[in-house]
file target.tsv (TSV, C-alpha atoms and all ligand atoms)
chain	number	residue	atom	x	y	z
A	1	MET	CA	190.45	28.86	173.03
A	2	ARG	CA	194.23	28.41	173.30
A	3	HIS	CA	195.94	27.23	170.11
A	4	LEU	CA	199.46	26.04	169.46
A	5	ILE	CA	200.80	27.90	166.42
A	6	VAL	CA	203.19	25.87	164.26
A	7	PRO	CA	204.63	26.10	160.73
A	8	SER	CA	202.42	24.34	158.21
A	9	VAL	CA	205.05	21.66	157.48
A	10	ASP	CA	205.17	20.64	161.15
A	11	THR	CA	201.40	20.26	161.58
A	12	GLN	CA	201.34	16.48	161.35
A	13	HIS	CA	204.14	16.08	163.87
A	14	TRP	CA	202.44	18.35	166.42
A	15	LEU	CA	199.04	16.73	165.86
A	16	GLU	CA	200.61	13.41	166.79
A	17	VAL	CA	202.24	14.93	169.91
A	18	LEU	CA	198.92	16.45	171.01
A	19	LYS	CA	196.92	13.30	170.32
A	20	THR	CA	199.41	11.04	172.07
A	21	ASN	CA	199.22	13.21	175.19
A	22	ASN	CA	195.49	13.80	174.90
A	23	TRP	CA	196.05	17.57	174.63
A	24	LEU	CA	194.08	18.08	171.39
A	25	VAL	CA	190.50	19.30	171.57
A	26	SER	CA	188.68	16.62	169.60
A	27	GLY	CA	185.89	17.80	167.37
A	28	LEU	CA	187.72	20.96	166.28
A	29	GLY	CA	189.87	21.16	163.16
A	30	VAL	CA	193.22	22.76	162.53
A	31	ILE	CA	192.91	26.35	161.35
A	32	THR	CA	195.17	28.52	159.26
A	33	VAL	CA	196.29	31.74	160.93
A	34	GLU	CA	197.83	34.89	159.51
A	35	GLY	CA	201.07	34.18	157.66
A	36	GLY	CA	199.92	30.64	156.73
A	37	GLU	CA	200.86	29.02	160.04
A	38	LYS	CA	198.53	26.44	161.59
A	39	GLY	CA	196.59	26.72	164.83
A	40	LEU	CA	196.01	23.47	166.78
A	41	PRO	CA	193.30	23.71	169.46
A	42	LEU	CA	194.68	22.86	172.91
A	43	ALA	CA	192.79	21.22	175.73
A	44	GLU	CA	192.66	23.24	178.95
A	45	HIS	CA	194.93	20.76	180.74
A	46	ALA	CA	197.69	21.03	178.11
A	47	PRO	CA	200.97	22.49	179.55
A	48	GLN	CA	201.33	26.25	179.58
A	49	GLU	CA	203.08	28.20	176.81
A	50	ASP	CA	206.39	28.47	178.69
A	51	ASN	CA	206.74	24.68	178.95
A	52	LEU	CA	209.77	23.34	177.07
A	53	ILE	CA	207.62	20.72	175.39
A	54	TRP	CA	206.40	23.39	172.90
A	55	SER	CA	209.96	24.00	171.58
A	56	GLY	CA	209.33	27.74	171.76
A	57	PHE	CA	206.24	27.73	169.52
A	58	ALA	CA	203.73	30.36	170.53
A	59	HIS	CA	200.23	29.93	171.90
A	60	GLN	CA	197.42	32.18	170.69
A	61	THR	CA	193.86	32.56	171.89
A	62	ILE	CA	191.40	32.17	169.01
A	63	SER	CA	187.65	31.92	169.46
A	64	ARG	CA	186.07	28.79	167.94
A	65	GLU	CA	182.43	27.87	167.49
A	66	VAL	CA	182.48	24.43	169.01
A	67	ASN	CA	178.85	23.60	168.27
A	68	LYS	CA	179.22	24.23	164.55
A	69	ILE	CA	181.07	20.95	164.08
A	70	LYS	CA	178.65	18.31	162.92
A	71	HIS	CA	180.33	16.48	160.07
A	72	TRP	CA	183.74	14.78	159.98
A	73	SER	CA	184.79	17.08	157.11
A	74	ASP	CA	184.36	20.09	159.46
A	75	LEU	CA	187.52	18.85	161.13
A	76	LEU	CA	189.65	19.21	158.02
A	77	ASP	CA	191.86	22.22	157.56
A	78	ARG	CA	189.53	24.85	156.02
A	79	ASP	CA	191.93	25.87	153.24
A	80	LEU	CA	192.55	22.26	152.33
A	81	TYR	CA	188.82	21.58	152.39
A	82	GLN	CA	188.11	24.46	149.99
A	83	GLU	CA	190.90	23.42	147.63
A	84	PHE	CA	189.51	19.92	147.08
A	85	ASP	CA	185.90	20.77	147.78
A	86	GLN	CA	184.29	18.45	145.20
A	87	TYR	CA	186.60	15.49	145.86
A	88	TRP	CA	186.01	14.75	149.54
A	89	PRO	CA	184.03	11.56	150.07
A	90	ARG	CA	180.31	12.30	150.46
A	91	SER	CA	179.40	8.85	151.74
A	92	TYR	CA	180.90	5.80	153.35
A	93	GLU	CA	179.80	2.32	154.34
A	94	MET	CA	179.78	0.90	157.85
A	95	ILE	CA	180.20	-2.86	158.17
A	96	GLY	CA	180.05	-3.46	161.90
A	97	ASP	CA	182.70	-1.13	163.28
A	98	VAL	CA	184.69	-1.10	160.01
A	99	LEU	CA	184.20	2.10	158.02
A	100	ILE	CA	184.91	1.71	154.30
A	101	VAL	CA	185.31	4.80	152.18
A	102	ARG	CA	186.06	5.26	148.51
A	103	LEU	CA	188.65	7.99	147.94
A	104	GLU	CA	189.01	10.01	144.76
A	105	ASP	CA	192.58	10.11	143.42
A	106	GLU	CA	192.73	13.86	144.13
A	107	VAL	CA	192.38	13.38	147.91
A	108	LYS	CA	194.13	10.02	148.38
A	109	GLN	CA	197.21	11.83	149.63
A	110	TYR	CA	195.07	13.17	152.51
A	111	GLN	CA	193.78	9.76	153.55
A	112	ASN	CA	195.31	10.09	157.02
A	113	GLU	CA	193.63	13.45	157.62
A	114	ILE	CA	190.31	12.01	156.38
A	115	ALA	CA	190.63	8.91	158.53
A	116	ARG	CA	191.63	10.92	161.62
A	117	ALA	CA	188.63	13.25	161.18
A	118	MET	CA	186.31	10.28	160.67
A	119	LEU	CA	187.59	8.49	163.77
A	120	ASP	CA	187.15	11.69	165.79
A	121	ARG	CA	183.62	12.30	164.55
A	122	ILE	CA	182.14	8.85	163.98
A	123	SER	CA	182.22	7.10	167.31
A	124	SER	CA	180.87	3.79	165.95
A	125	ALA	CA	183.92	3.43	163.64
A	126	ARG	CA	186.90	1.51	165.04
A	127	ILE	CA	188.91	1.32	161.83
A	128	ILE	CA	188.87	3.40	158.64
A	129	CYS	CA	189.66	1.58	155.38
A	130	ALA	CA	190.00	2.76	151.80
A	131	ASP	CA	187.80	0.88	149.37
A	132	ASN	CA	189.58	-0.15	146.17
A	133	GLY	CA	186.67	-2.11	144.67
A	134	VAL	CA	185.68	-5.77	144.49
A	135	THR	CA	188.08	-8.35	143.06
A	136	GLY	CA	188.22	-11.95	141.85
A	137	GLU	CA	185.77	-14.82	141.74
A	138	PHE	CA	185.23	-14.62	145.50
A	139	ARG	CA	183.91	-11.04	145.13
A	140	VAL	CA	186.08	-9.90	148.03
A	141	ARG	CA	186.65	-6.21	148.57
A	142	ASP	CA	190.14	-4.89	148.14
A	143	ILE	CA	190.32	-2.65	151.21
A	144	SER	CA	193.34	-1.03	152.81
A	145	PRO	CA	193.24	-0.04	156.46
A	146	ILE	CA	194.32	3.58	156.99
A	147	LEU	CA	193.85	4.29	160.69
A	148	ALA	CA	192.44	2.43	163.66
A	149	ARG	CA	191.53	3.22	167.23
A	150	ASP	CA	193.90	1.67	169.75
A	151	GLY	CA	196.07	0.31	166.93
A	152	ASN	CA	193.63	-2.56	166.28
A	153	PHE	CA	193.91	-2.98	162.52
A	154	SER	CA	191.83	-6.15	162.30
A	155	THR	CA	188.91	-5.98	159.86
A	156	LEU	CA	187.11	-8.83	161.62
A	157	THR	CA	183.82	-7.48	162.90
A	158	THR	CA	180.26	-8.39	163.81
A	159	ILE	CA	177.06	-7.03	162.32
A	160	ARG	CA	173.51	-7.47	163.46
A	161	GLU	CA	170.97	-8.34	160.80
A	162	ASN	CA	167.32	-9.27	161.25
A	163	GLY	CA	168.02	-9.79	164.96
A	164	HIS	CA	171.07	-12.04	164.53
A	165	ASN	CA	174.79	-11.46	164.98
A	166	ILE	CA	176.96	-12.38	162.00
A	167	ILE	CA	180.77	-12.42	162.11
A	168	ILE	CA	182.30	-11.02	158.95
A	169	ASP	CA	185.60	-9.86	157.60
A	170	PRO	CA	185.05	-7.57	154.61
A	171	ALA	CA	188.72	-7.90	153.65
A	172	LYS	CA	188.47	-11.69	153.37
A	173	ALA	CA	184.96	-12.68	152.34
A	174	TYR	CA	182.05	-11.20	150.46
A	175	PHE	CA	179.28	-9.60	152.46
A	176	SER	CA	176.60	-7.10	151.56
A	177	SER	CA	173.81	-5.88	153.77
A	178	ARG	CA	171.86	-4.82	150.69
A	179	LEU	CA	170.25	-8.23	150.33
A	180	SER	CA	168.92	-8.40	153.88
A	181	THR	CA	165.31	-8.01	152.71
A	182	GLU	CA	165.83	-10.89	150.30
A	183	ARG	CA	167.04	-12.97	153.23
A	184	GLU	CA	163.84	-12.17	155.10
A	185	GLY	CA	162.00	-13.28	151.96
A	186	ASN	CA	163.86	-16.61	152.13
A	187	VAL	CA	162.36	-17.29	155.55
A	188	ILE	CA	158.81	-16.51	154.40
A	189	ALA	CA	159.23	-18.74	151.33
A	190	ALA	CA	160.87	-21.52	153.37
A	191	LYS	CA	157.98	-21.53	155.84
A	192	GLU	CA	155.50	-21.67	152.96
A	193	LEU	CA	157.34	-24.68	151.52
A	194	ALA	CA	157.52	-26.46	154.89
A	195	ASN	CA	153.79	-25.83	155.37
A	196	LEU	CA	153.03	-27.24	151.93
A	197	LEU	CA	155.15	-30.33	152.59
A	198	ASN	CA	154.01	-30.55	156.18
A	199	ARG	CA	157.53	-31.37	157.41
A	200	PRO	CA	160.89	-29.70	158.11
A	201	ILE	CA	162.93	-28.98	154.98
A	202	THR	CA	166.49	-29.44	153.76
A	203	ILE	CA	168.09	-26.16	152.72
A	204	SER	CA	171.21	-25.88	150.55
A	205	ASP	CA	173.19	-22.65	150.28
A	206	PRO	CA	176.24	-23.58	148.18
A	207	TYR	CA	177.37	-19.94	147.63
A	208	ALA	CA	176.81	-19.04	151.27
A	209	GLY	CA	179.72	-16.64	151.79
A	210	VAL	CA	179.85	-16.08	155.55
A	211	GLY	CA	176.29	-17.40	155.74
A	212	PRO	CA	174.05	-14.36	156.31
A	213	ALA	CA	171.00	-16.20	154.93
A	214	LEU	CA	171.17	-18.98	157.51
A	215	PRO	CA	170.64	-17.56	161.04
A	216	SER	CA	167.02	-16.50	160.37
A	217	LEU	CA	166.23	-19.87	158.78
A	218	ILE	CA	167.81	-21.80	161.65
A	219	ALA	CA	166.03	-19.59	164.19
A	220	ALA	CA	162.61	-20.54	162.81
A	221	GLU	CA	161.91	-23.42	165.16
A	222	GLY	CA	161.14	-26.73	163.50
A	223	LEU	CA	161.68	-25.36	159.98
A	224	VAL	CA	164.95	-27.13	159.19
A	225	GLU	CA	165.62	-30.82	158.66
A	226	ALA	CA	169.17	-30.22	157.37
A	227	ILE	CA	171.39	-27.34	156.29
A	228	PHE	CA	174.09	-27.84	153.69
A	229	ALA	CA	176.21	-24.76	153.18
A	230	GLY	CA	179.43	-24.01	151.41
A	231	ASP	CA	181.63	-21.62	149.54
A	232	LEU	CA	184.73	-21.83	147.39
A	233	ASN	CA	186.56	-19.16	149.40
A	234	PRO	CA	188.32	-20.86	152.36
A	235	ASP	CA	188.28	-17.63	154.40
A	236	ALA	CA	184.52	-17.35	153.93
A	237	VAL	CA	184.09	-20.99	154.96
A	238	LYS	CA	185.90	-20.40	158.28
A	239	LEU	CA	183.51	-17.57	159.15
A	240	LEU	CA	180.55	-19.55	157.80
A	241	THR	CA	181.45	-22.46	160.10
A	242	ASP	CA	181.58	-20.15	163.14
A	243	ASN	CA	178.35	-18.39	162.20
A	244	ILE	CA	176.45	-21.65	161.72
A	245	ALA	CA	177.83	-23.05	164.98
A	246	SER	CA	176.68	-19.96	166.85
A	247	SER	CA	173.17	-20.17	165.29
A	248	ILE	CA	172.96	-23.86	166.18
A	249	ASN	CA	173.99	-23.11	169.78
A	250	LYS	CA	171.13	-20.67	170.07
A	251	SER	CA	168.54	-22.95	168.49
A	252	ASN	CA	166.82	-25.49	170.68
A	253	TYR	CA	166.17	-28.19	168.13
A	254	ALA	CA	168.50	-30.61	166.38
A	255	PHE	CA	169.13	-30.93	162.66
A	256	ASP	CA	171.76	-32.27	160.32
A	257	ASN	CA	174.28	-29.77	158.97
A	258	GLN	CA	177.40	-29.79	156.86
A	259	VAL	CA	179.73	-27.03	155.73
A	260	MET	CA	181.92	-27.50	152.64
A	261	CYS	CA	184.69	-25.59	150.94
A	262	MET	CA	183.83	-26.76	147.46
A	263	ASP	CA	182.83	-25.60	144.00
A	264	ALA	CA	179.03	-25.66	144.12
A	265	ARG	CA	178.94	-27.41	140.74
A	266	GLU	CA	180.73	-30.38	142.32
A	267	TRP	CA	178.14	-31.00	145.03
A	268	ARG	CA	176.16	-33.23	142.67
A	269	ARG	CA	179.03	-35.75	142.71
A	270	ASP	CA	178.42	-36.48	146.40
A	271	LYS	CA	175.49	-38.82	147.07
A	272	LYS	CA	174.72	-37.07	150.34
A	273	PHE	CA	173.70	-33.95	148.46
A	274	THR	CA	171.94	-35.29	145.38
A	275	GLU	CA	168.15	-35.38	145.39
A	276	SER	CA	168.11	-34.09	148.94
A	277	THR	CA	167.35	-30.37	148.78
A	278	ASP	CA	163.92	-28.83	149.25
A	279	LEU	CA	165.05	-25.20	149.16
A	280	LEU	CA	168.08	-24.14	147.14
A	281	LEU	CA	169.64	-20.68	147.40
A	282	VAL	CA	171.80	-19.57	144.46
A	283	ASN	CA	173.57	-16.31	145.08
A	284	LEU	CA	176.28	-15.88	142.49
A	285	PRO	CA	174.70	-13.00	140.58
A	286	HIS	CA	177.15	-12.84	137.66
A	287	ASP	CA	176.98	-16.62	137.03
A	288	THR	CA	173.77	-17.88	138.65
A	289	ILE	CA	172.08	-18.71	135.35
A	290	GLU	CA	175.07	-20.64	133.96
A	291	HIS	CA	175.43	-22.65	137.19
A	292	LEU	CA	171.76	-23.59	137.59
A	293	GLU	CA	171.84	-26.75	135.48
A	294	ASP	CA	174.64	-28.23	137.59
A	295	LEU	CA	172.61	-27.61	140.72
A	296	PHE	CA	169.31	-29.20	139.63
A	297	PRO	CA	170.55	-32.72	140.58
A	298	LEU	CA	170.62	-31.54	144.21
A	299	MET	CA	166.84	-31.06	144.26
A	300	ARG	CA	164.62	-33.65	145.92
A	301	LYS	CA	162.41	-35.57	143.49
A	302	GLU	CA	158.66	-36.15	143.36
A	303	THR	CA	157.91	-33.44	145.86
A	304	LYS	CA	157.40	-29.71	145.68
A	305	SER	CA	160.72	-27.85	145.81
A	306	LEU	CA	161.85	-24.25	145.62
A	307	ILE	CA	164.83	-22.50	144.06
A	308	ARG	CA	165.56	-18.90	144.96
A	309	GLY	CA	168.42	-17.33	143.01
A	310	TRP	CA	169.75	-13.85	142.29
A	311	ALA	CA	171.24	-12.74	139.00
A	312	ILE	CA	172.41	-9.72	137.07
A	313	VAL	CA	170.98	-9.63	133.56
A	314	GLU	CA	170.48	-7.18	130.70
A	315	ARG	CA	167.11	-5.49	131.27
A	316	GLN	CA	166.07	-6.16	127.68
A	317	ASN	CA	166.83	-9.87	128.10
A	318	LEU	CA	164.60	-10.45	131.12
A	319	ALA	CA	161.85	-12.33	129.24
A	320	ARG	CA	164.45	-14.40	127.37
A	321	VAL	CA	166.24	-15.29	130.63
A	322	ARG	CA	162.98	-16.52	132.12
A	323	GLU	CA	162.25	-18.62	129.04
A	324	SER	CA	165.71	-20.19	129.05
A	325	ILE	CA	165.51	-21.11	132.75
A	326	GLU	CA	162.09	-22.68	132.18
A	327	LYS	CA	163.50	-24.67	129.29
A	328	GLN	CA	166.39	-25.91	131.42
A	329	LEU	CA	163.99	-26.90	134.20
A	330	ILE	CA	161.84	-28.90	131.79
A	331	GLN	CA	164.93	-30.59	130.29
A	332	HIS	CA	165.86	-31.71	133.80
A	333	GLY	CA	162.49	-33.28	134.42
A	334	ALA	CA	160.72	-30.47	136.26
A	335	ARG	CA	156.95	-30.15	136.03
A	336	ALA	CA	154.26	-28.04	137.71
A	337	ILE	CA	156.65	-25.12	137.28
A	338	SER	CA	155.80	-21.72	138.67
A	339	LEU	CA	158.70	-19.44	137.74
A	340	THR	CA	159.13	-15.71	138.25
A	341	CYS	CA	162.09	-13.48	137.39
A	342	LYS	CA	161.58	-10.18	139.12
A	343	GLU	CA	163.67	-7.02	139.04
A	344	ILE	CA	164.79	-6.05	142.55
A	345	LYS	CA	166.94	-3.07	141.67
A	346	GLY	CA	168.93	-1.47	138.89
A	347	PHE	CA	172.55	-2.56	138.51
A	348	SER	CA	173.85	-0.34	135.71
A	349	ALA	CA	172.41	1.67	132.82
A	350	SER	CA	171.39	-1.49	130.97
A	351	LYS	CA	171.57	-4.23	133.62
A	352	ILE	CA	169.25	-5.16	136.44
A	353	PHE	CA	169.51	-7.29	139.55
A	354	ILE	CA	166.76	-9.91	139.61
A	355	ARG	CA	165.34	-12.55	141.90
A	356	ILE	CA	164.57	-15.89	140.28
A	357	GLU	CA	161.99	-17.88	142.19
A	358	SER	CA	160.98	-21.27	140.91
A	359	TRP	CA	158.52	-23.69	142.50
A	360	GLN	CA	158.41	-27.08	140.80
A	361	ILE	CA	158.36	-30.84	141.15
A	362	PHE	CA	161.37	-32.70	139.72
A	363	SER	CA	160.74	-36.22	138.44
B	401	LIG	C1	177.70	-12.85	145.81
B	401	LIG	S1	178.53	-13.79	147.01
B	401	LIG	C2	177.16	-14.31	148.00
B	401	LIG	C3	177.55	-14.71	149.37
B	401	LIG	C4	176.38	-14.89	150.34
B	401	LIG	N1	175.38	-15.80	149.83
B	401	LIG	C5	175.79	-13.57	150.75
B	401	LIG	O1	174.64	-13.28	150.39
B	401	LIG	O2	176.47	-12.78	151.43
B	401	LIG	C6	178.98	-15.21	146.12
B	401	LIG	C7	179.81	-16.21	146.91
B	401	LIG	O3	180.04	-17.35	146.09
B	401	LIG	C8	181.36	-17.82	146.27
B	401	LIG	N2	181.70	-18.57	145.06
B	401	LIG	C9	182.16	-18.13	143.87
B	401	LIG	N3	182.25	-19.14	142.99
B	401	LIG	C10	181.83	-20.26	143.64
B	401	LIG	C11	181.68	-21.61	143.27
B	401	LIG	N4	181.97	-22.04	142.03
B	401	LIG	N5	181.23	-22.49	144.18
B	401	LIG	C12	180.93	-22.09	145.46
B	401	LIG	N6	181.06	-20.81	145.86
B	401	LIG	C13	181.49	-19.91	144.97
B	401	LIG	C14	182.17	-16.57	146.54
B	401	LIG	O4	183.32	-16.85	147.29
B	401	LIG	C15	181.17	-15.70	147.31
B	401	LIG	O5	181.32	-15.85	148.70
call {"tool": "encode", "arguments": {"input": "target.tsv", "output": "structure tokens", "more": "lines below"}}
Ligand SMILES: C[S@@+](CC[C@H](N)C(=O)[O-])C[C@H]1O[C@@H](n2cnc3c(N)ncnc32)[C@H](O)[C@@H]1O
result
Amino acid sequence: MRHLIVPSVDTQHWLEVLKTNNWLVSGLGVITVEGGEKGLPLAEHAPQEDNLIWSGFAHQTISREVNKIKHWSDLLDRDLYQEFDQYWPRSYEMIGDVLIVRLEDEVKQYQNEIARAMLDRISSARIICADNGVTGEFRVRDISPILARDGNFSTLTTIRENGHNIIIDPAKAYFSSRLSTEREGNVIAAKELANLLNRPITISDPYAGVGPALPSLIAAEGLVEAIFAGDLNPDAVKLLTDNIASSINKSNYAFDNQVMCMDAREWRRDKKFTESTDLLLVNLPHDTIEHLEDLFPLMRKETKSLIRGWAIVERQNLARVRESIEKQLIQHGARAISLTCKEIKGFSASKIFIRIESWQIFS
């Protein structure tokens, strides 16, 4: 295969020239040739060696094993790859067509090379972003776009979960696909509650984020009497509003719904929301337990109701957490309580992620 041979320092410039003109063989990396110069694989239709465009740089025929390239890292310069062998990212996360990758400090300076290789190799990725962790009370990821196809640097994207499309923007609002099984569990539990009550139910999701829990609930025909959803993050609320509207458009039954940008603990001050909820979702894992008491006034009285919440607790405190929630429930007039606190997954060496599920009747 014909290669353009350039000094190492000029590699980036020539890569850009080749890519812009579509003269680079995608799927093959840059190689180092004798004397430390770099060889860039040329597409057959690239101009011949005597063309002025090459500024006098030589062409050389080097055989390449095209089929050996399977992984994006195969596209990195081999010497560079060896030098930072243990630091290249081993995994990444896809949220719709947004690829998010955590970069070790040692290879951050090569983020463009990494992103270029990923875009070349991973056809489902439209934009490559560096992941700098989760920040603030809204639990939003701090992500910085590195490279995008067609210059589209927007992180707005759509994912499909449990058969429904959800619009999300990982740079603006929290979203994790890891709780999708829990969301399926919400639907099963909601149907059980509606069956018990023999009527459609009112569902409140005051920490809804972009609202991933709601499409499956809305899609269950006749399940919902009303949906109240909200979040404190205004960017999340915009997406939540669009996602709910799109679920409602697809459903063929009518129900009340309201979307709020409000602190969940303030909902109890609005008469519309007090004593109205049959199923309450509480997904604020670091603070769920502290917030619970302020949410109890939302629950409908003298009828079976259900609270499903998720929390992060010390493993050794699990029994104590359960006891304290039960105590709070009793103090707020709950009876016929059936409460479970179940570990779903580990969170850290000492902490676990749990699901709190409480069936009760508030008086
Ligand atoms: C862990 S996320 C869960 C989001 C969503 N339920 C999901 O599963 O994707 C918690 C959400 O609560 C919101 N939040 C934080 N504090 C809040 C508060 N006091 N009242 C309402 N929402 C709050 C955050 O903005 C975030 O979107």
call {"tool": "closest_residue", "arguments": {"input": "target.tsv", "among": "A:Lys19, A:Lys38, A:Arg121, A:Arg64", "to": "Asp77 (chain A)", "atoms": "only C-alpha atoms"}}
result
A:Lys38
call {"tool": "residues_around", "arguments": {"input": "target.tsv", "residues": "Asn283 (chain A)", "least_positions_apart": "6", "cutoff": "10 Å", "atoms": "all atoms listed in the file", "output": "CSV table (one decimal) with C-alpha atoms, in the frame of the given file"}}
result
chain,number,residue,atom,x,y,z
A,205,ASP,CA,173.2,-22.6,150.3
A,206,PRO,CA,176.2,-23.6,148.2
A,207,TYR,CA,177.4,-19.9,147.6
A,208,ALA,CA,176.8,-19.0,151.3
A,209,GLY,CA,179.7,-16.6,151.8
A,308,ARG,CA,165.6,-18.9,145.0
A,309,GLY,CA,168.4,-17.3,143.0
A,310,TRP,CA,169.8,-13.8,142.3
A,311,ALA,CA,171.2,-12.7,139.0
A,355,ARG,CA,165.3,-12.6,141.9
call {"tool": "residues_near_ligand", "arguments": {"input": "target.tsv", "ligand": "ligand LIG 401 (chain B)", "cutoff": "9 Å", "atoms": "only C-alpha atoms and all ligand atoms", "output": "ChimeraX atom specification"}}
result
/A:136-140,173-180,183,205-213,230-237,261-266,281-287,291,310
call {"tool": "residues_around", "arguments": {"input": "target.tsv", "residues": "Leu197 (chain A)", "least_positions_apart": "4", "cutoff": "12 Å", "atoms": "all atoms listed in the file", "output": "PDB file with C-alpha atoms, in the coordinates of the input"}}
result
ATOM      1  CA  ALA A 190     160.870 -21.520 153.370  1.00  0.00           C
ATOM      2  CA  LYS A 191     157.980 -21.530 155.840  1.00  0.00           C
ATOM      3  CA  GLU A 192     155.500 -21.670 152.960  1.00  0.00           C
ATOM      4  CA  LEU A 193     157.340 -24.680 151.520  1.00  0.00           C
ATOM      5  CA  ILE A 201     162.930 -28.980 154.980  1.00  0.00           C
ATOM      6  CA  THR A 202     166.490 -29.440 153.760  1.00  0.00           C
ATOM      7  CA  LEU A 223     161.680 -25.360 159.980  1.00  0.00           C
ATOM      8  CA  ASP A 278     163.920 -28.830 149.250  1.00  0.00           C
ATOM      9  CA  LEU A 279     165.050 -25.200 149.160  1.00  0.00           C
ATOM     10  CA  GLU A 302     158.660 -36.150 143.360  1.00  0.00           C
ATOM     11  CA  THR A 303     157.910 -33.440 145.860  1.00  0.00           C
ATOM     12  CA  LYS A 304     157.400 -29.710 145.680  1.00  0.00           C
ATOM     13  CA  SER A 305     160.720 -27.850 145.810  1.00  0.00           C
ATOM     14  CA  LEU A 306     161.850 -24.250 145.620  1.00  0.00           C
ATOM     15  CA  ILE A 361     158.360 -30.840 141.150  1.00  0.00           C
TER      16      ILE A 361
END
call {"tool": "atom_distance", "arguments": {"input": "target.tsv", "atom1": "CA of Ser358 (chain A)", "atom2": "CA of Asp270 (chain A)"}}
result
23.8 Å
call {"tool": "closest_residue", "arguments": {"input": "target.tsv", "among": "A:Ile143, A:Val9, A:Ile122, A:Met260", "to": "Glu37 (chain A)", "atoms": "only C-alpha atoms"}}
result
A:Val9
call {"tool": "residues_around", "arguments": {"input": "target.tsv", "residues": "Ser124 (chain A)", "least_positions_apart": "2", "cutoff": "12 Å", "atoms": "all atoms listed in the file", "output": "JSON, numbers by chain"}}
result
{"A": [93, 94, 95, 96, 97, 98, 99, 118, 119, 120, 121, 122, 126, 127, 128, 148, 149]}
call {"tool": "residues_around", "arguments": {"input": "target.tsv", "residues": "region 51-62 of chain A", "least_positions_apart": "6", "cutoff": "10 Å", "atoms": "only C-alpha atoms", "output": "number ranges by chain"}}
result
A: 1-7, 14, 17, 31, 33, 39-42
call {"tool": "atom_distance", "arguments": {"input": "target.tsv", "atom1": "CA of Ile167 (chain A)", "atom2": "CA of Leu240 (chain A)"}}
result
8.3 Å
call {"tool": "atom_distance", "arguments": {"input": "target.tsv", "atom1": "CA of Asp142 (chain A)", "atom2": "CA of Leu103 (chain A)"}}
result
13.0 Å
call {"tool": "build_atoms", "arguments": {"input": "target.tsv", "residues": "region 142-152 of chain A", "atoms": "N, CA, C and O atoms", "output": "short mmCIF file (atom, residue, chain, number, x, y, z; two decimals), keeping the file's coordinate frame"}}
result
data_model
loop_
_atom_site.label_atom_id
_atom_site.label_comp_id
_atom_site.auth_asym_id
_atom_site.auth_seq_id
_atom_site.Cartn_x
_atom_site.Cartn_y
_atom_site.Cartn_z
N ASP A 142 188.75 -5.24 147.93
CA ASP A 142 190.14 -4.89 148.14
C ASP A 142 190.12 -3.64 149.03
O ASP A 142 189.83 -2.55 148.54
N ILE A 143 190.36 -3.81 150.32
CA ILE A 143 190.32 -2.65 151.21
C ILE A 143 191.66 -2.49 151.93
O ILE A 143 192.28 -3.48 152.28
N SER A 144 192.09 -1.23 152.08
CA SER A 144 193.34 -1.03 152.81
C SER A 144 193.09 -0.18 154.05
O SER A 144 192.61 0.95 153.95
N PRO A 145 193.40 -0.78 155.21
CA PRO A 145 193.24 -0.04 156.46
C PRO A 145 194.11 1.22 156.47
O PRO A 145 195.26 1.19 156.04
N ILE A 146 193.55 2.32 156.93
CA ILE A 146 194.32 3.58 156.99
C ILE A 146 194.66 3.91 158.44
O ILE A 146 195.82 4.15 158.79
N LEU A 147 193.65 3.89 159.29
CA LEU A 147 193.85 4.29 160.69
C LEU A 147 192.88 3.52 161.57
O LEU A 147 191.75 3.24 161.14
N ALA A 148 193.33 3.17 162.76
CA ALA A 148 192.44 2.43 163.66
C ALA A 148 192.58 2.95 165.07
O ALA A 148 193.64 3.43 165.46
N ARG A 149 191.48 2.86 165.81
CA ARG A 149 191.53 3.22 167.23
C ARG A 149 192.39 2.18 167.95
O ARG A 149 192.34 1.01 167.62
N ASP A 150 193.12 2.58 168.91
CA ASP A 150 193.90 1.67 169.75
C ASP A 150 194.80 0.74 168.95
O ASP A 150 195.11 -0.37 169.39
N GLY A 151 195.15 1.12 167.73
CA GLY A 151 196.07 0.31 166.93
C GLY A 151 195.52 -1.06 166.55
O GLY A 151 196.26 -1.93 166.13
N ASN A 152 194.21 -1.25 166.65
CA ASN A 152 193.63 -2.56 166.28
C ASN A 152 193.24 -2.52 164.80
O ASN A 152 192.17 -2.04 164.44
#
